[in-house]
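Engineer: Input model-v6.cif, format and content: mmCIF, C-alpha atoms and all ligand atoms.
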```
data_work
loop_
_atom_site.group_PDB
_atom_site.id
_atom_site.type_symbol
_atom_site.label_atom_id
_atom_site.label_comp_id
_atom_site.auth_asym_id
_atom_site.auth_seq_id
_atom_site.Cartn_x
_atom_site.Cartn_y
_atom_site.Cartn_z
ATOM 1 C CA MET R 1 13.292 -11.680 -3.950
ATOM 2 C CA SER R 2 13.250 -15.258 -2.740
ATOM 3 C CA GLU R 3 12.041 -18.172 -4.818
ATOM 4 C CA LEU R 4 8.303 -18.027 -5.300
ATOM 5 C CA ALA R 5 6.186 -20.622 -3.549
ATOM 6 C CA ALA R 6 3.360 -22.429 -5.346
ATOM 7 C CA THR R 7 0.716 -20.896 -3.065
ATOM 8 C CA PRO R 8 0.962 -17.110 -2.848
ATOM 9 C CA LEU R 9 1.530 -15.669 0.596
ATOM 10 C CA LEU R 10 -1.453 -13.364 0.102
ATOM 11 C CA GLU R 11 -4.297 -13.697 -2.374
ATOM 12 C CA VAL R 12 -6.688 -10.806 -2.903
ATOM 13 C CA ASP R 13 -9.561 -12.186 -4.947
ATOM 14 C CA ARG R 14 -12.155 -9.881 -6.552
ATOM 15 C CA LEU R 15 -12.163 -7.594 -3.558
ATOM 16 C CA SER R 16 -14.568 -4.665 -3.312
ATOM 17 C CA VAL R 17 -15.033 -2.092 -0.568
ATOM 18 C CA HIS R 18 -18.141 0.090 -0.788
ATOM 19 C CA PHE R 19 -19.244 2.814 1.597
ATOM 20 C CA PRO R 20 -22.979 3.579 1.537
ATOM 21 C CA GLN R 21 -23.448 7.306 2.000
ATOM 22 C CA HIS R 22 -25.834 8.144 4.807
ATOM 23 C CA GLY R 23 -27.291 11.580 5.126
ATOM 24 C CA GLY R 24 -30.397 13.639 4.819
ATOM 25 C CA GLY R 25 -32.025 15.414 1.887
ATOM 26 C CA TRP R 26 -30.697 14.442 -1.477
ATOM 27 C CA PHE R 27 -28.553 11.583 -0.116
ATOM 28 C CA ARG R 28 -31.571 10.000 1.608
ATOM 29 C CA ARG R 29 -33.610 9.999 -1.603
ATOM 30 C CA HIS R 30 -30.750 8.838 -3.828
ATOM 31 C CA ARG R 31 -28.841 6.189 -1.906
ATOM 32 C CA GLN R 32 -25.307 6.677 -3.122
ATOM 33 C CA VAL R 33 -22.464 4.247 -2.728
ATOM 34 C CA LEU R 34 -18.816 5.242 -2.668
ATOM 35 C CA ARG R 35 -16.949 2.461 -4.452
ATOM 36 C CA ALA R 36 -13.510 2.853 -2.895
ATOM 37 C CA VAL R 37 -12.226 -0.500 -4.187
ATOM 38 C CA GLU R 38 -13.878 -2.371 -7.026
ATOM 39 C CA ASN R 39 -13.192 -5.981 -7.972
ATOM 40 C CA VAL R 40 -9.432 -5.987 -7.355
ATOM 41 C CA SER R 41 -7.441 -9.226 -7.568
ATOM 42 C CA LEU R 42 -3.723 -9.542 -6.914
ATOM 43 C CA THR R 43 -1.217 -11.705 -5.088
ATOM 44 C CA VAL R 44 1.843 -11.118 -2.938
ATOM 45 C CA GLU R 45 4.460 -13.850 -2.936
ATOM 46 C CA SER R 46 6.789 -14.750 -0.092
ATOM 47 C CA GLY R 47 9.698 -12.275 0.033
ATOM 48 C CA GLU R 48 8.098 -10.028 -2.584
ATOM 49 C CA THR R 49 7.308 -6.317 -2.498
ATOM 50 C CA VAL R 50 4.140 -5.339 -4.299
ATOM 51 C CA ALA R 51 3.552 -1.606 -4.495
ATOM 52 C CA LEU R 52 0.089 -0.060 -4.636
ATOM 53 C CA VAL R 53 0.285 3.264 -6.426
ATOM 54 C CA GLY R 54 -2.150 5.902 -7.619
ATOM 55 C CA GLU R 55 -3.341 9.386 -6.809
ATOM 56 C CA SER R 56 -5.158 10.107 -3.607
ATOM 57 C CA GLY R 57 -8.668 8.672 -3.893
ATOM 58 C CA SER R 58 -7.413 5.695 -5.901
ATOM 59 C CA GLY R 59 -8.348 3.235 -3.143
ATOM 60 C CA LYS R 60 -4.822 2.124 -2.244
ATOM 61 C CA THR R 61 -5.059 2.930 1.471
ATOM 62 C CA THR R 62 -8.529 1.335 1.715
ATOM 63 C CA LEU R 63 -7.223 -1.834 0.091
ATOM 64 C CA GLY R 64 -4.208 -1.857 2.426
ATOM 65 C CA SER R 65 -6.411 -1.442 5.481
ATOM 66 C CA VAL R 66 -8.510 -4.453 4.437
ATOM 67 C CA VAL R 67 -5.386 -6.582 4.036
ATOM 68 C CA ALA R 68 -4.184 -5.407 7.467
ATOM 69 C CA GLY R 69 -7.526 -6.448 8.985
ATOM 70 C CA LEU R 70 -8.604 -2.917 9.888
ATOM 71 C CA ARG R 71 -11.566 -2.922 7.551
ATOM 72 C CA THR R 72 -14.053 -5.519 6.316
ATOM 73 C CA PRO R 73 -14.494 -5.899 2.557
ATOM 74 C CA THR R 74 -17.928 -5.611 0.961
ATOM 75 C CA ALA R 75 -17.210 -8.471 -1.417
ATOM 76 C CA GLY R 76 -14.371 -10.755 -2.388
ATOM 77 C CA ARG R 77 -11.969 -13.021 -0.586
ATOM 78 C CA LEU R 78 -8.588 -12.768 1.097
ATOM 79 C CA ARG R 79 -6.381 -15.765 1.719
ATOM 80 C CA PHE R 80 -3.086 -15.934 3.564
ATOM 81 C CA ARG R 81 -0.903 -18.968 2.872
ATOM 82 C CA GLY R 82 -3.969 -20.504 1.250
ATOM 83 C CA GLN R 83 -6.136 -20.090 4.361
ATOM 84 C CA PRO R 84 -8.839 -17.555 5.253
ATOM 85 C CA LEU R 85 -7.201 -14.404 6.530
ATOM 86 C CA GLU R 86 -9.038 -14.364 9.852
ATOM 87 C CA GLY R 87 -6.772 -17.002 11.387
ATOM 88 C CA ALA R 88 -3.556 -15.277 10.306
ATOM 89 C CA ARG R 89 -3.683 -11.929 11.999
ATOM 90 C CA ARG R 90 -0.200 -12.195 13.528
ATOM 91 C CA GLY R 91 1.242 -12.859 10.111
ATOM 92 C CA ILE R 92 0.269 -9.417 8.780
ATOM 93 C CA GLN R 93 1.233 -6.150 10.456
ATOM 94 C CA ILE R 94 0.986 -2.522 9.382
ATOM 95 C CA VAL R 95 3.271 0.519 9.471
ATOM 96 C CA PHE R 96 1.441 3.814 9.115
ATOM 97 C CA GLN R 97 2.443 7.032 7.419
ATOM 98 C CA ASP R 98 2.641 9.172 10.524
ATOM 99 C CA PRO R 99 4.902 7.828 13.288
ATOM 100 C CA TYR R 100 3.827 10.743 15.528
ATOM 101 C CA SER R 101 0.211 9.639 15.860
ATOM 102 C CA ALA R 102 0.864 5.887 15.524
ATOM 103 C CA LEU R 103 2.735 5.613 18.851
ATOM 104 C CA ASP R 104 1.123 6.180 22.262
ATOM 105 C CA PRO R 105 3.153 9.048 23.785
ATOM 106 C CA ARG R 106 2.608 7.727 27.344
ATOM 107 C CA MET R 107 4.367 4.424 26.714
ATOM 108 C CA PRO R 108 8.131 3.863 26.764
ATOM 109 C CA VAL R 109 9.632 2.273 23.668
ATOM 110 C CA SER R 110 10.055 -1.086 25.436
ATOM 111 C CA SER R 111 6.293 -1.279 26.091
ATOM 112 C CA LEU R 112 5.373 0.024 22.639
ATOM 113 C CA ILE R 113 7.337 -2.747 20.960
ATOM 114 C CA ALA R 114 6.343 -5.485 23.406
ATOM 115 C CA GLU R 115 2.640 -4.604 23.445
ATOM 116 C CA PRO R 116 1.637 -6.714 20.393
ATOM 117 C CA LEU R 117 3.408 -9.703 21.995
ATOM 118 C CA LEU R 118 1.674 -9.114 25.308
ATOM 119 C CA ILE R 119 -1.747 -8.844 23.652
ATOM 120 C CA GLN R 120 -1.157 -12.095 21.776
ATOM 121 C CA ARG R 121 0.400 -13.749 24.851
ATOM 122 C CA VAL R 122 3.611 -14.585 23.050
ATOM 123 C CA GLY R 123 6.467 -15.865 25.235
ATOM 124 C CA THR R 124 7.389 -15.181 28.858
ATOM 125 C CA ALA R 125 8.159 -11.680 30.171
ATOM 126 C CA ALA R 126 11.895 -12.418 29.880
ATOM 127 C CA GLU R 127 11.516 -13.661 26.308
ATOM 128 C CA ARG R 128 9.520 -10.565 25.369
ATOM 129 C CA ARG R 129 12.226 -8.329 26.880
ATOM 130 C CA ALA R 130 14.927 -10.142 24.931
ATOM 131 C CA ARG R 131 12.981 -9.939 21.687
ATOM 132 C CA THR R 132 12.265 -6.227 22.217
ATOM 133 C CA ALA R 133 15.948 -5.474 22.824
ATOM 134 C CA ALA R 134 16.920 -7.393 19.676
ATOM 135 C CA LEU R 135 14.358 -5.494 17.607
ATOM 136 C CA VAL R 136 15.591 -2.121 18.843
ATOM 137 C CA GLU R 137 19.053 -3.103 17.672
ATOM 138 C CA GLN R 138 17.783 -4.455 14.347
ATOM 139 C CA VAL R 139 16.051 -1.171 13.441
ATOM 140 C CA GLY R 140 19.180 0.813 14.277
ATOM 141 C CA LEU R 141 18.191 2.456 17.561
ATOM 142 C CA PRO R 142 20.545 2.685 20.570
ATOM 143 C CA ALA R 143 19.947 0.263 23.448
ATOM 144 C CA ASP R 144 18.966 3.114 25.797
ATOM 145 C CA ALA R 145 16.003 3.851 23.509
ATOM 146 C CA LEU R 146 14.068 1.162 25.367
ATOM 147 C CA ASN R 147 13.455 3.340 28.407
ATOM 148 C CA ARG R 148 12.669 6.525 26.536
ATOM 149 C CA TYR R 149 9.390 7.951 25.233
ATOM 150 C CA PRO R 150 8.347 8.745 21.637
ATOM 151 C CA HIS R 151 8.636 12.535 22.065
ATOM 152 C CA GLU R 152 12.374 12.115 22.727
ATOM 153 C CA PHE R 153 12.968 10.892 19.167
ATOM 154 C CA SER R 154 13.107 12.412 15.684
ATOM 155 C CA GLY R 155 10.553 11.515 13.016
ATOM 156 C CA GLY R 156 12.862 8.965 11.416
ATOM 157 C CA GLN R 157 13.626 7.344 14.767
ATOM 158 C CA ARG R 158 9.917 7.145 15.567
ATOM 159 C CA GLN R 159 9.324 5.387 12.280
ATOM 160 C CA ARG R 160 12.072 2.937 13.300
ATOM 161 C CA ILE R 161 10.159 2.329 16.561
ATOM 162 C CA ALA R 162 6.947 1.762 14.568
ATOM 163 C CA ILE R 163 8.779 -0.710 12.312
ATOM 164 C CA ALA R 164 10.175 -2.575 15.356
ATOM 165 C CA ARG R 165 6.660 -2.763 16.819
ATOM 166 C CA ALA R 166 5.315 -4.152 13.523
ATOM 167 C CA LEU R 167 8.121 -6.741 13.434
ATOM 168 C CA ALA R 168 7.532 -7.910 17.032
ATOM 169 C CA PRO R 169 4.942 -10.644 16.235
ATOM 170 C CA ASP R 170 7.319 -11.945 13.514
ATOM 171 C CA PRO R 171 4.968 -11.246 10.569
ATOM 172 C CA ALA R 172 5.445 -12.579 7.048
ATOM 173 C CA LEU R 173 3.812 -9.517 5.446
ATOM 174 C CA ILE R 174 3.905 -5.851 6.353
ATOM 175 C CA VAL R 175 1.435 -3.384 4.911
ATOM 176 C CA ALA R 176 3.492 -0.192 4.709
ATOM 177 C CA ASP R 177 1.116 2.724 4.171
ATOM 178 C CA GLU R 178 3.165 5.658 2.853
ATOM 179 C CA PRO R 179 5.858 4.967 5.481
ATOM 180 C CA LEU R 180 8.231 7.623 4.131
ATOM 181 C CA SER R 181 5.974 10.496 3.184
ATOM 182 C CA ALA R 182 5.796 12.155 6.629
ATOM 183 C CA LEU R 183 9.590 12.131 6.955
ATOM 184 C CA ASP R 184 12.234 14.662 5.988
ATOM 185 C CA VAL R 185 13.673 13.962 2.566
ATOM 186 C CA SER R 186 17.106 13.383 4.119
ATOM 187 C CA VAL R 187 15.688 10.592 6.305
ATOM 188 C CA GLN R 188 13.615 8.849 3.644
ATOM 189 C CA SER R 189 16.556 7.003 2.092
ATOM 190 C CA GLN R 190 17.662 5.711 5.502
ATOM 191 C CA ILE R 191 14.233 4.238 6.253
ATOM 192 C CA LEU R 192 13.972 2.852 2.727
ATOM 193 C CA ASN R 193 17.330 1.105 3.179
ATOM 194 C CA LEU R 194 16.218 -0.203 6.576
ATOM 195 C CA LEU R 195 13.055 -1.690 5.027
ATOM 196 C CA LYS R 196 15.171 -3.356 2.336
ATOM 197 C CA SER R 197 17.702 -4.830 4.753
ATOM 198 C CA ILE R 198 14.982 -6.137 7.084
ATOM 199 C CA GLN R 199 13.327 -7.773 4.099
ATOM 200 C CA GLU R 200 16.541 -9.545 3.127
ATOM 201 C CA THR R 201 17.202 -10.736 6.671
ATOM 202 C CA ARG R 202 13.685 -11.942 7.378
ATOM 203 C CA LYS R 203 12.411 -12.878 3.881
ATOM 204 C CA LEU R 204 9.578 -10.485 4.571
ATOM 205 C CA SER R 205 6.930 -9.401 2.055
ATOM 206 C CA TYR R 206 5.662 -5.850 1.727
ATOM 207 C CA LEU R 207 2.449 -4.424 0.403
ATOM 208 C CA PHE R 208 3.934 -0.994 -0.070
ATOM 209 C CA ILE R 209 1.459 1.860 -0.521
ATOM 210 C CA SER R 210 2.901 4.989 -2.079
ATOM 211 C CA HIS R 211 2.102 7.904 -4.340
ATOM 212 C CA ASP R 212 5.839 8.284 -4.968
ATOM 213 C CA LEU R 213 6.944 6.307 -7.998
ATOM 214 C CA GLY R 214 10.597 7.199 -7.367
ATOM 215 C CA VAL R 215 10.473 5.287 -4.075
ATOM 216 C CA VAL R 216 8.471 2.465 -5.648
ATOM 217 C CA ASN R 217 11.096 2.095 -8.368
ATOM 218 C CA HIS R 218 13.724 1.532 -5.645
ATOM 219 C CA LEU R 219 11.783 -1.062 -3.683
ATOM 220 C CA ALA R 220 9.057 -2.887 -5.605
ATOM 221 C CA ASP R 221 9.197 -6.221 -7.401
ATOM 222 C CA ARG R 222 5.732 -5.685 -8.870
ATOM 223 C CA VAL R 223 3.481 -2.651 -9.091
ATOM 224 C CA ALA R 224 -0.319 -2.429 -8.970
ATOM 225 C CA VAL R 225 -1.607 0.869 -10.343
ATOM 226 C CA LEU R 226 -5.029 1.783 -8.978
ATOM 227 C CA TYR R 227 -7.380 4.319 -10.489
ATOM 228 C CA LEU R 228 -10.778 5.077 -8.934
ATOM 229 C CA GLY R 229 -10.560 1.840 -6.957
ATOM 230 C CA ARG R 230 -9.878 -0.340 -9.994
ATOM 231 C CA LEU R 231 -6.675 -1.962 -11.192
ATOM 232 C CA ALA R 232 -5.397 -0.041 -14.199
ATOM 233 C CA GLU R 233 -2.132 -1.971 -14.516
ATOM 234 C CA LEU R 234 -0.391 -4.814 -12.689
ATOM 235 C CA ALA R 235 3.120 -5.684 -13.784
ATOM 236 C CA PRO R 236 6.695 -6.476 -12.741
ATOM 237 C CA ALA R 237 8.282 -3.166 -11.758
ATOM 238 C CA ALA R 238 11.073 -3.381 -14.339
ATOM 239 C CA GLU R 239 8.597 -3.879 -17.185
ATOM 240 C CA LEU R 240 6.188 -1.232 -15.942
ATOM 241 C CA PHE R 241 8.876 1.428 -15.544
ATOM 242 C CA ALA R 242 10.560 0.537 -18.846
ATOM 243 C CA ARG R 243 7.372 0.416 -20.884
ATOM 244 C CA PRO R 244 4.130 1.340 -19.143
ATOM 245 C CA SER R 245 1.134 -0.116 -20.945
ATOM 246 C CA HIS R 246 -1.833 1.841 -19.550
ATOM 247 C CA PRO R 247 -2.237 5.546 -20.441
ATOM 248 C CA TYR R 248 -2.746 6.359 -16.747
ATOM 249 C CA THR R 249 0.545 4.698 -15.794
ATOM 250 C CA GLN R 250 2.225 6.539 -18.658
ATOM 251 C CA ALA R 251 0.900 9.849 -17.334
ATOM 252 C CA LEU R 252 2.029 9.065 -13.771
ATOM 253 C CA LEU R 253 5.524 8.226 -14.987
ATOM 254 C CA THR R 254 5.936 11.527 -16.811
ATOM 255 C CA ALA R 255 6.002 13.244 -13.406
ATOM 256 C CA ILE R 256 8.147 10.687 -11.569
ATOM 257 C CA PRO R 257 9.586 12.240 -8.408
ATOM 258 C CA ARG R 258 12.918 11.159 -6.957
ATOM 259 C CA ILE R 259 14.089 10.896 -3.382
ATOM 260 C CA GLY R 260 15.783 14.164 -2.505
ATOM 261 C CA ARG R 261 14.052 16.093 -5.264
ATOM 262 C CA ARG R 262 10.805 18.034 -5.101
ATOM 263 C CA ARG R 263 7.796 16.574 -6.898
ATOM 264 C CA THR R 264 7.371 18.003 -10.362
ATOM 265 C CA ARG R 265 4.005 19.156 -11.613
ATOM 266 C CA GLY R 266 1.750 16.507 -13.117
ATOM 267 C CA SER R 267 1.621 15.916 -16.806
ATOM 268 C CA ARG R 268 -0.924 17.699 -18.939
ATOM 269 C CA THR R 269 -3.035 14.528 -18.984
ATOM 270 C CA LEU R 270 -3.501 14.524 -15.247
ATOM 271 C CA ARG R 271 -4.144 18.187 -14.668
ATOM 272 C CA SER R 272 -7.903 17.606 -14.662
ATOM 273 C CA GLU R 273 -9.368 16.281 -11.441
ATOM 274 C CA MET R 274 -10.097 12.629 -10.795
ATOM 275 C CA PRO R 275 -13.890 12.066 -11.058
ATOM 276 C CA SER R 276 -15.807 11.370 -7.845
ATOM 277 C CA PRO R 277 -15.871 7.707 -6.808
ATOM 278 C CA LEU R 278 -19.550 8.371 -6.019
ATOM 279 C CA ALA R 279 -20.218 8.762 -9.732
ATOM 280 C CA PRO R 280 -17.524 6.894 -11.684
ATOM 281 C CA PRO R 281 -17.672 7.485 -15.442
ATOM 282 C CA PRO R 282 -19.271 4.715 -17.571
ATOM 283 C CA GLY R 283 -17.123 2.483 -19.737
ATOM 284 C CA CYS R 284 -13.457 2.943 -18.907
ATOM 285 C CA VAL R 285 -13.354 5.059 -15.740
ATOM 286 C CA PHE R 286 -10.225 6.821 -17.006
ATOM 287 C CA HIS R 287 -11.798 7.993 -20.288
ATOM 288 C CA PRO R 288 -12.528 11.647 -19.293
ATOM 289 C CA ARG R 289 -8.783 12.176 -18.676
ATOM 290 C CA CYS R 290 -7.354 9.838 -21.281
ATOM 291 C CA PRO R 291 -5.579 11.274 -24.338
ATOM 292 C CA LYS R 292 -6.165 8.009 -26.242
ATOM 293 C CA ALA R 293 -9.899 7.634 -25.547
ATOM 294 C CA GLN R 294 -12.086 6.402 -28.425
ATOM 295 C CA ALA R 295 -15.859 5.901 -28.669
ATOM 296 C CA ILE R 296 -15.723 2.361 -27.240
ATOM 297 C CA CYS R 297 -14.000 3.680 -24.102
ATOM 298 C CA ARG R 298 -17.113 5.640 -23.123
ATOM 299 C CA THR R 299 -19.347 2.565 -23.051
ATOM 300 C CA GLU R 300 -17.297 -0.632 -22.615
ATOM 301 C CA PRO R 301 -15.225 -1.225 -19.456
ATOM 302 C CA PRO R 302 -11.893 -2.763 -20.527
ATOM 303 C CA ALA R 303 -10.819 -6.082 -18.985
ATOM 304 C CA LEU R 304 -7.453 -6.476 -17.260
ATOM 305 C CA ALA R 305 -5.435 -8.431 -19.839
ATOM 306 C CA PRO R 306 -1.797 -8.893 -20.927
ATOM 307 C CA ALA R 307 -0.104 -6.190 -22.956
ATOM 308 C CA PRO R 308 0.885 -7.338 -26.479
ATOM 309 C CA GLY R 309 3.799 -9.771 -26.178
ATOM 310 C CA ARG R 310 4.169 -9.221 -22.407
ATOM 311 C CA PRO R 311 2.173 -11.922 -20.585
ATOM 312 C CA ARG R 312 3.137 -10.725 -17.077
ATOM 313 C CA GLN R 313 2.141 -7.111 -17.717
ATOM 314 C CA LEU R 314 -1.620 -6.693 -17.317
ATOM 315 C CA ALA R 315 -3.475 -3.508 -18.221
ATOM 316 C CA ALA R 316 -7.153 -2.550 -18.284
ATOM 317 C CA CYS R 317 -7.256 -0.681 -21.577
ATOM 318 C CA HIS R 318 -8.791 -1.268 -25.016
ATOM 319 C CA PHE R 319 -5.718 0.283 -26.633
ATOM 320 C CA LYS R 320 -2.876 -0.856 -24.383
ATOM 321 C CA ASP R 321 0.722 -0.289 -25.525
HETATM 322 FE FE1 LIG K 1 -7.855 5.374 -22.398
HETATM 323 FE FE2 LIG K 1 -9.694 3.949 -23.650
HETATM 324 FE FE3 LIG K 1 -7.587 2.753 -22.602
HETATM 325 FE FE4 LIG K 1 -9.446 3.746 -21.027
HETATM 326 S S1 LIG K 1 -9.705 2.061 -22.449
HETATM 327 S S2 LIG K 1 -7.282 3.949 -20.755
HETATM 328 S S3 LIG K 1 -10.050 5.570 -22.147
HETATM 329 S S4 LIG K 1 -7.602 4.224 -24.298
#
```
Please re-express this file's structure in structure tokens.
Ligand code: SF4

Structural biologist:
Amino acid sequence: MSELAATPLLEVDRLSVHFPQHGGGWFRRHRQVLRAVENVSLTVESGETVALVGESGSGKTTLGSVVAGLRTPTAGRLRFRGQPLEGARRGIQIVFQDPYSALDPRMPVSSLIAEPLLIQRVGTAAERRARTAALVEQVGLPADALNRYPHEFSGGQRQRIAIARALAPDPALIVADEPLSALDVSVQSQILNLLKSIQETRKLSYLFISHDLGVVNHLADRVAVLYLGRLAELAPAAELFARPSHPYTQALLTAIPRIGRRRTRGSRTLRSEMPSPLAPPPGCVFHPRCPKAQAICRTEPPALAPAPGRPRQLAACHFKD
């Protein structure tokens, strides 16, 4: 990771994303709100990888889509290099999970990669061609890939095309939304290594969304653990993996999968289902599944605060380790 600047590259400040539920009958009488993300604050520094982890329904993809500008938050603020995010759209790009549906099958690779530049009127046609050719090389595709179409490539190669397309506007931050999980296990390491080498070359930052803590352990500088849309833990990766503070993080780590190995079954703690985000439990939202829950946990939401003796490791728990 490069030296940290005084102003974070990205600031997410008390961000919430709510989805009012529209419908007839019961829904009409009892206006329900799905709280996908609730009061989340975090930063991403220049050159840093921050991973968003949690089970499905934790809010990590919703939060990533807000940062990528694909969704408007209900409340809170986003700043990029200290400025409102709206003026910095080129600086943040996204790579999706599924390279099959992310690329228009009717466009050759040259057009797919150059399209963001064309839309933003960057450079002359010759400059765009040169930049596209350089990107194809940087992501490890052969030069003749430029004139071919997405269906002519494997899943891993398509993800390389999607990465080249995301890199075209020269972003400072890439939101990578489960970029490995649609790929064969044998290809995942190659794409992971590509993401790492691009980061080193370009001093790029990643907001890396993943349910796979094995991958996160390879890539992340810091980890944000989300549960029911809230931050459960936010800590440097080394500290979090060595000594998780929050009981939810501890439970996730007991079932850590590795690249090249099938996911093991969840721990006993997490065998029960996550509650509905339409009706989050009172107090600590994790209390119905928490092996350490006490009476206070059922009524008092815990604040995100440092673990004992570890000022950079924050956890939202009354009884943090
Ligand atoms: Fe478990 Fe209580 Fe901590 Fe919540 S606050 S994680 S219920 S111990």

Engineer: I need every residue sitting at most 7 Å from the point (2.7, -12.7, 4.3) (coordinates as in the file, all atoms listed in the file considered), written as a list in words.

Structural biologist: Leu9, Leu10, Ser46, Phe80, Gly91, Ile92, Pro171, Ala172, Leu173 and Ser205 of chain R

Engineer: Would you write out those residues with C-alpha atoms, as a PDB file, in the frame of the given file?

Structural biologist:
```
ATOM      1  CA  LEU R   9       1.530 -15.669   0.596  1.00  0.00           C
ATOM      2  CA  LEU R  10      -1.453 -13.364   0.102  1.00  0.00           C
ATOM      3  CA  SER R  46       6.789 -14.750  -0.092  1.00  0.00           C
ATOM      4  CA  PHE R  80      -3.086 -15.934   3.564  1.00  0.00           C
ATOM      5  CA  GLY R  91       1.242 -12.859  10.111  1.00  0.00           C
ATOM      6  CA  ILE R  92       0.269  -9.417   8.780  1.00  0.00           C
ATOM      7  CA  PRO R 171       4.968 -11.246  10.569  1.00  0.00           C
ATOM      8  CA  ALA R 172       5.445 -12.579   7.048  1.00  0.00           C
ATOM      9  CA  LEU R 173       3.812  -9.517   5.446  1.00  0.00           C
ATOM     10  CA  SER R 205       6.930  -9.401   2.055  1.00  0.00           C
TER      11      SER R 205
END
```

Engineer: Return as number ranges by chain every polymer residue, whether protein, DNA or RNA, with at least one atom no more than 10 Å from an atom of ligand LIG 1 (chain K); count only C-alpha atoms and all ligand atoms.

Structural biologist: R: 232, 245-249, 283-303, 315-321

Engineer: Take the residues from that selection and put them in a file with C-alpha atoms, as a short mmCIF file (atom, residue, chain, number, x, y, z; two decimals), in the frame of the given file.

Structural biologist:
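Contents of out_21.cif, as written:
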```cif
data_model
loop_
_atom_site.label_atom_id
_atom_site.label_comp_id
_atom_site.auth_asym_id
_atom_site.auth_seq_id
_atom_site.Cartn_x
_atom_site.Cartn_y
_atom_site.Cartn_z
CA ALA R 232 -5.40 -0.04 -14.20
CA SER R 245 1.13 -0.12 -20.94
CA HIS R 246 -1.83 1.84 -19.55
CA PRO R 247 -2.24 5.55 -20.44
CA TYR R 248 -2.75 6.36 -16.75
CA THR R 249 0.55 4.70 -15.79
CA GLY R 283 -17.12 2.48 -19.74
CA CYS R 284 -13.46 2.94 -18.91
CA VAL R 285 -13.35 5.06 -15.74
CA PHE R 286 -10.22 6.82 -17.01
CA HIS R 287 -11.80 7.99 -20.29
CA PRO R 288 -12.53 11.65 -19.29
CA ARG R 289 -8.78 12.18 -18.68
CA CYS R 290 -7.35 9.84 -21.28
CA PRO R 291 -5.58 11.27 -24.34
CA LYS R 292 -6.16 8.01 -26.24
CA ALA R 293 -9.90 7.63 -25.55
CA GLN R 294 -12.09 6.40 -28.42
CA ALA R 295 -15.86 5.90 -28.67
CA ILE R 296 -15.72 2.36 -27.24
CA CYS R 297 -14.00 3.68 -24.10
CA ARG R 298 -17.11 5.64 -23.12
CA THR R 299 -19.35 2.56 -23.05
CA GLU R 300 -17.30 -0.63 -22.62
CA PRO R 301 -15.22 -1.23 -19.46
CA PRO R 302 -11.89 -2.76 -20.53
CA ALA R 303 -10.82 -6.08 -18.98
CA ALA R 315 -3.48 -3.51 -18.22
CA ALA R 316 -7.15 -2.55 -18.28
CA CYS R 317 -7.26 -0.68 -21.58
CA HIS R 318 -8.79 -1.27 -25.02
CA PHE R 319 -5.72 0.28 -26.63
CA LYS R 320 -2.88 -0.86 -24.38
CA ASP R 321 0.72 -0.29 -25.52
#
```

Engineer: Closest to Leu34 in chain R among R:Arg310, R:Ser276, R:His151, R:Gly87, using all atoms listed in the file?

Structural biologist: R:Ser276

Engineer: At what distance in Å, to one decimal, does CA of Val139 in chain R lie from CA of Phe96 in chain R?

Structural biologist: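 CA of Val139 in chain R lies 16.0 Å from CA of Phe96 in chain R.
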
Engineer: R:Met107, R:Val12, R:Leu314, R:Leu234: which is nearest Pro150 in chain R, counting only C-alpha atoms?

Structural biologist: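 Under the stated criterion, the closest residue is R:Met107.
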
Engineer: Using all atoms listed in the file, pick whichever of R:Gln21, R:Thr254, R:Gln157, R:Gln93 has the shortest atom-to-atom distance to Leu213 in chain R.

Structural biologist: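 With all atoms listed in the file as the atom set, the closest residue is R:Thr254.
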
Engineer: Work out how far CA of Ala237 in chain R is from CA of Asn217 in chain R, in Å to one decimal.

Structural biologist: 6.9 Å

Engineer: Working from the structure I just supplied, which lacks atoms in range 55-62 of chain R, can you model N, CA and C atoms there and output them as a CSV table (one decimal), in the frame of the given file?

Structural biologist:
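Result written to out_33.csv:
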```csv
chain,number,residue,atom,x,y,z
R,55,GLU,N,-3.1,8.1,-7.5
R,55,GLU,CA,-3.3,9.4,-6.8
R,55,GLU,C,-4.2,9.2,-5.6
R,56,SER,N,-4.3,10.3,-4.8
R,56,SER,CA,-5.2,10.1,-3.6
R,56,SER,C,-6.6,9.9,-4.1
R,57,GLY,N,-7.3,9.0,-3.4
R,57,GLY,CA,-8.7,8.7,-3.9
R,57,GLY,C,-8.7,7.5,-4.8
R,58,SER,N,-7.5,6.9,-5.0
R,58,SER,CA,-7.4,5.7,-5.9
R,58,SER,C,-7.8,4.4,-5.2
R,59,GLY,N,-7.9,4.4,-3.9
R,59,GLY,CA,-8.3,3.2,-3.1
R,59,GLY,C,-7.2,2.5,-2.5
R,60,LYS,N,-6.0,2.9,-2.7
R,60,LYS,CA,-4.8,2.1,-2.2
R,60,LYS,C,-4.8,2.0,-0.7
R,61,THR,N,-5.1,3.0,0.0
R,61,THR,CA,-5.1,2.9,1.5
R,61,THR,C,-6.2,2.1,2.0
R,62,THR,N,-7.4,2.2,1.3
R,62,THR,CA,-8.5,1.3,1.7
R,62,THR,C,-8.2,-0.1,1.5
```
